[in-house]
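See structure below.
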Amino acid sequence: MAVWDDVVGQDRVTAQLAAAARDADALISAERAGREPARGDQPEPPSADPGGASQMTHAWLFTGPPGSGRSTAARAFAAALQCVSPDRALGGGPGCGFCDGCHTALIGTHADVEIVRTDLLSIGVKETRDLVRRSSLSPSGGRWQVIVLEDADRLTEGAGNVLLKAVEEPAPRTVWLLCAPSVEDVLPTIRSRCRLLSLRTPPVDAVADVLVRRDGIEPDAAGRAARATQGHIGRARRLATDERARARRAAVLKLPLRVDDIGGCLKAAQELIDAAGEDAKQVAEEVDTKETEELRAALGAAAGTNGRLPRGTAGAMKELQDKQKRRSTRTQRDSLDLALVDLTGFYRDVLALQMGASVPLANDEVRDSVQRIATASTPERTLRRIEAVIACREALDRNVAPLLAVEAMTVALRAG
């Protein structure tokens, strides 16, 4: 299975990356053969030739809506750059998916591939400086030093400025792969130095196919999950495999029928917040205890000392606790945002019925509820309700108190 097989519904992007990987491989082969690289072997700056998107360059920006597979495409490209398959000498393209270089890059254990993601709200200056130092090292395997930054949109302004210098003047064998929802989420000075690859939302059928092929999910269940998430690969997989995720989604889809009065609005808002808090609590139970115990052991809180830490180590423990608190906040916000996305999908179906659109419903399992809301309302009111959900998401991004933002939304849903 080639590394590109999991890049779903992105044929144009895959073709560009495969061509760039071939150029990169040609450059490495030429240098190892002790000859001057042929014209076209050298990586070119991203703006050098708009028609030469197939050629290798040192910095790439992968953009696309959530679920489009930005990080999957970046990882596949990183694996292709590290491919050591002997088939390349016979004319095969890099990215076989089976060799040691491809396999270790895809699972995250390759010595020259650094995959960076965050479960916090932002990526700060300290973490970025560590990355820049890593990027200045020569690859241990002699091919490429690849830095995959999956959450480039979470860089603080200071962190972005630190990264700019490394992207502007990279080491000879360093490749930066940045992922963000849109070009506007990255500093203009950084994106101007990157080659842009725009991914699209994968077709529902393609997502269902990959769930069946890669995850062994039954075709009917895969189809329902892909349709419900409208092509979001990660959410579709979770919905198809996690019973709790299906239960949470079912509860969210009942909310439009529960906002008939102010009391119902406030109760529904509180339940959404509580559900998000429960998700954060579960993550904390799974991760925080293990992290804390590992740090205590590393700091020397051994048995026989009543669990007390040695002097001078309280700061490290406090830093860990702060990190865990930020992660809990991020988890709660992500869970709440997912519920709001599902709610937007519900009203999208309502609007489709009201307008007589010939599109399949994303939430066909609750068609009766969708039909009931559609009959009792108008397209104008449905659009206002969609706007209320969007306004709630924007308020949460601005750090408005979650309960206050959700209560305002449920009251607006009632008013229509």
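Naming works like this for the structure tokens: A, B, ... for the chains as they're shown, residue 1 at the start of each chain, ligands 1 onward in shown order.
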Between region 162-184 of chain A and region 112-127 of chain A, at 10 Å or less, what are the per-residue closest atom pairs and their distances in Å? Count only C-alpha atoms, order by chain and rising residue number, and return it as CSV.
residue,atom,partner,partner_atom,distance
A:Val162,CA,A:Val125,CA,7.0
A:Leu163,CA,A:Val125,CA,8.9
A:Thr174,CA,A:Asp112,CA,9.4
A:Val175,CA,A:Val113,CA,9.6
A:Trp176,CA,A:Glu114,CA,9.9
A:Leu177,CA,A:Ile115,CA,9.4
A:Leu178,CA,A:Val116,CA,9.7
Considering only C-alpha atoms, return as a PDB file with C-alpha atoms, in the first residue's frame whatever protein or nucleic-acid residues lie within 8 Å of region 98-109 of chain A, sequence-local ones (same chain, fewer than 5 positions apart) excluded.
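Below is the file result-v9.pdb, written as the result:
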ATOM      1  CA  MET A   1       0.000   0.000   0.000  1.00  0.00           C
ATOM      2  CA  ALA A   2       1.556   3.320  -1.076  1.00  0.00           C
ATOM      3  CA  VAL A   3       1.766   6.166   1.411  1.00  0.00           C
ATOM      4  CA  ARG A  75       2.786  12.685   6.902  1.00  0.00           C
ATOM      5  CA  ALA A  76       2.504  10.832   3.612  1.00  0.00           C
ATOM      6  CA  ALA A  78       7.277  13.073   4.880  1.00  0.00           C
ATOM      7  CA  ALA A  79       7.275   9.290   4.418  1.00  0.00           C
ATOM      8  CA  ALA A  80       7.842   9.594   0.666  1.00  0.00           C
ATOM      9  CA  GLN A  82      12.358   9.184   3.531  1.00  0.00           C
ATOM     10  CA  CYS A  83      11.542   6.243   1.227  1.00  0.00           C
ATOM     11  CA  VAL A  84      14.452   3.823   0.735  1.00  0.00           C
ATOM     12  CA  SER A  85      12.680   1.196  -1.375  1.00  0.00           C
ATOM     13  CA  GLU A 114       9.496  15.341  13.845  1.00  0.00           C
ATOM     14  CA  ILE A 115       5.686  15.392  14.069  1.00  0.00           C
TER      15      ILE A 115
END
>> What's around Ala250 (chain A) at 10 Å? Count only C-alpha atoms, leave out sequence neighbours fewer than 3 positions away in its own chain, and write the answer as a list in words.
In response: Arg244, Ala245, Arg246, Ala247, Leu253, Lys254, Leu255, Asp342, Asn363, Glu365 and Val366 of chain A
Can you build me a table of region 193-295 of chain A residues sitting at most 12 Å from region 390-410 of chain A, with the closest atom pair per residue and its distance in Å to one decimal, using only C-alpha atoms, sorted by chain and residue number, as JSON lines?
{"residue": "A:Val252", "atom": "CA", "partner": "A:Thr410", "partner_atom": "CA", "distance": 11.9}
{"residue": "A:Leu255", "atom": "CA", "partner": "A:Thr410", "partner_atom": "CA", "distance": 8.7}
{"residue": "A:Pro256", "atom": "CA", "partner": "A:Thr410", "partner_atom": "CA", "distance": 8.6}
{"residue": "A:Leu257", "atom": "CA", "partner": "A:Thr410", "partner_atom": "CA", "distance": 11.0}
{"residue": "A:Arg258", "atom": "CA", "partner": "A:Thr410", "partner_atom": "CA", "distance": 9.4}
{"residue": "A:Val259", "atom": "CA", "partner": "A:Thr410", "partner_atom": "CA", "distance": 6.7}
{"residue": "A:Asp260", "atom": "CA", "partner": "A:Thr410", "partner_atom": "CA", "distance": 9.9}
{"residue": "A:Asp261", "atom": "CA", "partner": "A:Thr410", "partner_atom": "CA", "distance": 9.9}
{"residue": "A:Ile262", "atom": "CA", "partner": "A:Thr410", "partner_atom": "CA", "distance": 8.7}
{"residue": "A:Gly263", "atom": "CA", "partner": "A:Thr410", "partner_atom": "CA", "distance": 10.4}
{"residue": "A:Gly264", "atom": "CA", "partner": "A:Thr410", "partner_atom": "CA", "distance": 8.7}
{"residue": "A:Cys265", "atom": "CA", "partner": "A:Thr410", "partner_atom": "CA", "distance": 5.2}
{"residue": "A:Leu266", "atom": "CA", "partner": "A:Glu407", "partner_atom": "CA", "distance": 5.8}
{"residue": "A:Lys267", "atom": "CA", "partner": "A:Glu407", "partner_atom": "CA", "distance": 8.8}
{"residue": "A:Ala268", "atom": "CA", "partner": "A:Thr410", "partner_atom": "CA", "distance": 7.5}
{"residue": "A:Ala269", "atom": "CA", "partner": "A:Glu407", "partner_atom": "CA", "distance": 5.3}
{"residue": "A:Gln270", "atom": "CA", "partner": "A:Leu403", "partner_atom": "CA", "distance": 6.8}
{"residue": "A:Glu271", "atom": "CA", "partner": "A:Leu403", "partner_atom": "CA", "distance": 9.8}
{"residue": "A:Leu272", "atom": "CA", "partner": "A:Val406", "partner_atom": "CA", "distance": 8.0}
{"residue": "A:Ile273", "atom": "CA", "partner": "A:Leu403", "partner_atom": "CA", "distance": 6.4}
{"residue": "A:Asp274", "atom": "CA", "partner": "A:Leu403", "partner_atom": "CA", "distance": 9.5}
{"residue": "A:Ala275", "atom": "CA", "partner": "A:Leu403", "partner_atom": "CA", "distance": 11.9}
{"residue": "A:Ala276", "atom": "CA", "partner": "A:Pro402", "partner_atom": "CA", "distance": 10.1}
{"residue": "A:Gly277", "atom": "CA", "partner": "A:Pro402", "partner_atom": "CA", "distance": 10.7}
> So which one's closest to Val210 (chain A), A:Arg237, A:Arg154, A:Arg88, A:Arg195? Using only C-alpha atoms, please.
Replying inline: A:Arg237
> Skipping near chain neighbours, those fewer than 5 positions away, what residues fall within 8 Å of Ile217 (chain A) using only C-alpha atoms, listed as a PyMOL selection string?
Replying inline: chain A and resi 211-212+222+240-241
Please write the residues from the selection above to a file, keeping N, CA and C atoms, as a PDB file, in the first residue's frame.
ATOM      1  N   LEU A 211     -12.992   3.961   5.478  1.00  0.00           N
ATOM      2  CA  LEU A 211     -13.382   3.369   6.763  1.00  0.00           C
ATOM      3  C   LEU A 211     -13.544   1.860   6.641  1.00  0.00           C
ATOM      4  N   VAL A 212     -14.099   1.429   5.528  1.00  0.00           N
ATOM      5  CA  VAL A 212     -14.266  -0.010   5.298  1.00  0.00           C
ATOM      6  C   VAL A 212     -12.920  -0.669   5.051  1.00  0.00           C
ATOM      7  N   ALA A 222     -20.248   2.533   8.016  1.00  0.00           N
ATOM      8  CA  ALA A 222     -19.295   3.492   7.460  1.00  0.00           C
ATOM      9  C   ALA A 222     -20.010   4.566   6.648  1.00  0.00           C
ATOM     10  N   ALA A 240     -18.090   6.004  13.958  1.00  0.00           N
ATOM     11  CA  ALA A 240     -18.349   4.618  13.574  1.00  0.00           C
ATOM     12  C   ALA A 240     -17.816   3.619  14.595  1.00  0.00           C
ATOM     13  N   THR A 241     -16.869   4.027  15.422  1.00  0.00           N
ATOM     14  CA  THR A 241     -16.217   3.074  16.331  1.00  0.00           C
ATOM     15  C   THR A 241     -16.492   3.324  17.807  1.00  0.00           C
TER      16      THR A 241
END
> Please, which residues of region 132-170 of chain A, numbered as in this document, come out strand (DSSP E or B) from DSSP, as a PyMOL selection string?
Replying inline: chain A and resi 145-149+155
> Quick one, how far is CA of Arg327 (chain A) from CA of Leu295 (chain A)?
Replying inline: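 CA of Leu295 (chain A) lies 17.0 Å from CA of Arg327 (chain A).
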> Could you pull out the alpha helix (DSSP H) residues of region 69-271 of chain A from DSSP and send them as an MDAnalysis selection string?
Replying inline: chainID A and resid 70:81 100:107 125:135 157:168 188:191 204:215 219:228 233:241 243:253 262:271
> Can you tell me, as a ChimeraX atom specification, what residues are no more than 10 Å from region 314-317 of chain A when counting only C-alpha atoms, ignoring any on the same chain fewer than 5 positions away?
Replying inline: /A:292,295-296,299,309,322-323
For C-alpha atoms, I'd like the residues from the last selection saved as a PDB file, in the first residue's frame.
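Output file again12.pdb follows:
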ATOM      1  CA  THR A 292       2.011  13.227  37.320  1.00  0.00           C
ATOM      2  CA  LEU A 295       7.198  13.283  36.772  1.00  0.00           C
ATOM      3  CA  ARG A 296       7.212  12.534  40.492  1.00  0.00           C
ATOM      4  CA  LEU A 299      12.072  14.093  40.309  1.00  0.00           C
ATOM      5  CA  LEU A 309       9.178  15.872  46.402  1.00  0.00           C
ATOM      6  CA  ASP A 322      -0.647  24.416  34.423  1.00  0.00           C
ATOM      7  CA  LYS A 323      -0.184  22.417  31.230  1.00  0.00           C
TER       8      LYS A 323
END
> Which distance in Å separates CA of Ala226 (chain A) and CA of Pro203 (chain A), to one decimal?
Replying inline: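 Between CA of Ala226 (chain A) and CA of Pro203 (chain A) the gap works out to 8.8 Å.
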>> What's the separation between CA of Trp144 (chain A) and CA of Val186 (chain A), in Å to one decimal place?
In response: 24.0 Å
>> Which residues are near Ala412 (chain A)? Cut-off 7 Å, only C-alpha atoms, ignore same chain within fewer than 4 positions. Put them as a list of chain:residue names.
In response: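 That gives A:Arg385, A:Ala388, A:Ala408, A:Gly416.
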For the selection just defined, write its residues with N, CA and C atoms to a file, as a compact mmCIF listing (two decimals), in the first residue's frame.
# COMPACT_ATOMS: atom_id res chain seq x y z
N ARG A 385 -31.10 30.79 12.87
CA ARG A 385 -30.65 29.80 13.85
C ARG A 385 -29.23 29.32 13.52
N ALA A 388 -26.94 31.87 14.68
CA ALA A 388 -26.79 31.86 16.14
C ALA A 388 -25.76 30.83 16.58
N ALA A 408 -26.94 32.00 25.43
CA ALA A 408 -27.36 33.00 24.43
C ALA A 408 -27.78 32.31 23.13
N GLY A 416 -35.65 32.13 16.91
CA GLY A 416 -35.63 31.84 15.48
C GLY A 416 -35.43 33.06 14.61
> From the set A:Pro65, A:Thr313, A:Arg134, A:Ala284, which residue has the shortest atom-to-atom contact distance to Ala298 (chain A), counting only C-alpha atoms?
Replying inline: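 The answer is A:Thr313, which sits nearest to Ala298 (chain A).
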> Which polymer residues have any atom within 9 Å of an atom of Arg70 (chain A), counting only C-alpha atoms, with same-chain residues fewer than 2 positions away left out, as JSON, numbers by chain?
Replying inline: {"A": [7, 62, 63, 64, 65, 66, 67, 68, 72, 73, 74, 75, 150, 179, 180, 181, 198, 199]}
> Which is closest to Ile147 (chain A) among A:Asp130, A:Glu184, A:Asp25, A:Glu319, if we use only C-alpha atoms?
Replying inline: A:Asp130
>> Here is a test: counting only C-alpha atoms, which residue of A:Leu61, A:Leu81, A:Ala15, A:Leu137 is nearest to Arg193 (chain A)?
In response: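 Closest to Arg193 (chain A), using only C-alpha atoms: A:Leu61.
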> With only C-alpha atoms as the basis for distance, which of A:Ala221, A:Val283, A:Leu27, A:Leu164 is at the shortest distance from Arg238 (chain A)?
Replying inline: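 Comparing A:Ala221, A:Val283, A:Leu27, A:Leu164 against Arg238 (chain A), the winner is A:Ala221.
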